[in-house]
Amino acid sequence: MVVADNEPYFVSDETDYSIPHHGEARGLPHVEIEIRQDLVSDAAGQDEWARRITRALREAERNFAQDQRSVTAST
């Protein structure tokens, strides 16, 4: 699986709403996920991607919580 910046697209205040308004402006951690429609067109693909995203977000949450504890401990 290839994970990278969404090129040539990018998030900006002029072209997007959710991330700039709900994430960046409020200082909240955020992520945008884009999946090709053909990969989730059937139940098997939907299940596979739901599991992948769940694993990735849980790992990100653990890492974020660990980073926050490190920041708190150092202040």
# chains A, B, ... in the order shown; residues from 1 in each chain; ligands from 1

$ select_by_dssp --residues "chain A" --states "alpha helix (DSSP H)" --output "number ranges by chain"
A: 18, 43-74

$ write_last_selection --atoms "N, CA and C atoms" --output "compact mmCIF listing (two decimals), in the first residue's frame"
# COMPACT_ATOMS: atom_id res chain seq x y z
N SER A 18 -13.93 21.27 5.70
CA SER A 18 -13.88 20.48 6.94
C SER A 18 -12.55 20.55 7.67
N ALA A 43 -19.03 -5.46 -0.36
CA ALA A 43 -18.92 -5.65 1.09
C ALA A 43 -17.52 -6.08 1.51
N ALA A 44 -16.88 -6.93 0.72
CA ALA A 44 -15.53 -7.40 1.08
C ALA A 44 -14.54 -6.24 1.08
N GLY A 45 -14.60 -5.39 0.09
CA GLY A 45 -13.71 -4.23 0.03
C GLY A 45 -13.99 -3.25 1.16
N GLN A 46 -15.26 -3.03 1.46
CA GLN A 46 -15.63 -2.13 2.55
C GLN A 46 -15.11 -2.65 3.88
N ASP A 47 -15.25 -3.96 4.10
CA ASP A 47 -14.76 -4.57 5.33
C ASP A 47 -13.24 -4.46 5.43
N GLU A 48 -12.56 -4.76 4.33
CA GLU A 48 -11.10 -4.69 4.32
C GLU A 48 -10.62 -3.28 4.66
N TRP A 49 -11.21 -2.28 4.02
CA TRP A 49 -10.77 -0.91 4.26
C TRP A 49 -11.18 -0.40 5.64
N ALA A 50 -12.32 -0.83 6.13
CA ALA A 50 -12.72 -0.46 7.49
C ALA A 50 -11.71 -0.99 8.50
N ARG A 51 -11.26 -2.22 8.28
CA ARG A 51 -10.26 -2.81 9.19
C ARG A 51 -8.92 -2.07 9.08
N ARG A 52 -8.49 -1.77 7.86
CA ARG A 52 -7.23 -1.04 7.67
C ARG A 52 -7.26 0.32 8.35
N ILE A 53 -8.34 1.05 8.12
CA ILE A 53 -8.46 2.40 8.69
C ILE A 53 -8.54 2.32 10.21
N THR A 54 -9.28 1.36 10.72
CA THR A 54 -9.38 1.19 12.17
C THR A 54 -8.01 0.95 12.78
N ARG A 55 -7.23 0.03 12.19
CA ARG A 55 -5.88 -0.24 12.70
C ARG A 55 -5.02 1.01 12.66
N ALA A 56 -5.05 1.71 11.54
CA ALA A 56 -4.20 2.91 11.39
C ALA A 56 -4.59 4.00 12.38
N LEU A 57 -5.89 4.23 12.56
CA LEU A 57 -6.33 5.27 13.48
C LEU A 57 -6.05 4.90 14.93
N ARG A 58 -6.18 3.64 15.27
CA ARG A 58 -5.85 3.22 16.64
C ARG A 58 -4.37 3.41 16.92
N GLU A 59 -3.54 3.06 15.95
CA GLU A 59 -2.09 3.26 16.12
C GLU A 59 -1.77 4.75 16.23
N ALA A 60 -2.40 5.55 15.39
CA ALA A 60 -2.17 7.01 15.45
C ALA A 60 -2.63 7.56 16.79
N GLU A 61 -3.74 7.07 17.30
CA GLU A 61 -4.23 7.53 18.60
C GLU A 61 -3.24 7.18 19.71
N ARG A 62 -2.72 5.95 19.68
CA ARG A 62 -1.72 5.56 20.69
C ARG A 62 -0.48 6.45 20.60
N ASN A 63 0.01 6.68 19.39
CA ASN A 63 1.18 7.52 19.21
C ASN A 63 0.92 8.96 19.66
N PHE A 64 -0.25 9.47 19.32
CA PHE A 64 -0.60 10.83 19.72
C PHE A 64 -0.67 10.94 21.24
N ALA A 65 -1.32 9.96 21.88
CA ALA A 65 -1.42 9.99 23.34
C ALA A 65 -0.03 9.91 23.98
N GLN A 66 0.83 9.08 23.42
CA GLN A 66 2.19 8.96 23.95
C GLN A 66 2.94 10.28 23.77
N ASP A 67 2.80 10.91 22.62
CA ASP A 67 3.45 12.20 22.39
C ASP A 67 2.93 13.26 23.36
N GLN A 68 1.63 13.26 23.63
CA GLN A 68 1.05 14.23 24.55
C GLN A 68 1.56 14.02 25.97
N ARG A 69 1.72 12.74 26.36
CA ARG A 69 2.26 12.46 27.69
C ARG A 69 3.72 12.95 27.78
N SER A 70 4.48 12.79 26.70
CA SER A 70 5.88 13.25 26.68
C SER A 70 5.95 14.77 26.81
N VAL A 71 5.08 15.46 26.11
CA VAL A 71 5.05 16.93 26.17
C VAL A 71 4.67 17.38 27.57
N THR A 72 3.67 16.75 28.15
CA THR A 72 3.21 17.11 29.50
C THR A 72 4.32 16.86 30.52
N ALA A 73 5.02 15.75 30.39
CA ALA A 73 6.09 15.40 31.34
C ALA A 73 7.26 16.37 31.26
N SER A 74 7.49 16.94 30.08
CA SER A 74 8.65 17.82 29.91
C SER A 74 8.37 19.27 30.27

$ residues_around --residues "Ile19 of chain A" --least-positions-apart "2" --cutoff "12 Å" --atoms "only C-alpha atoms" --output "ChimeraX atom specification"
/A:10-17,21-33
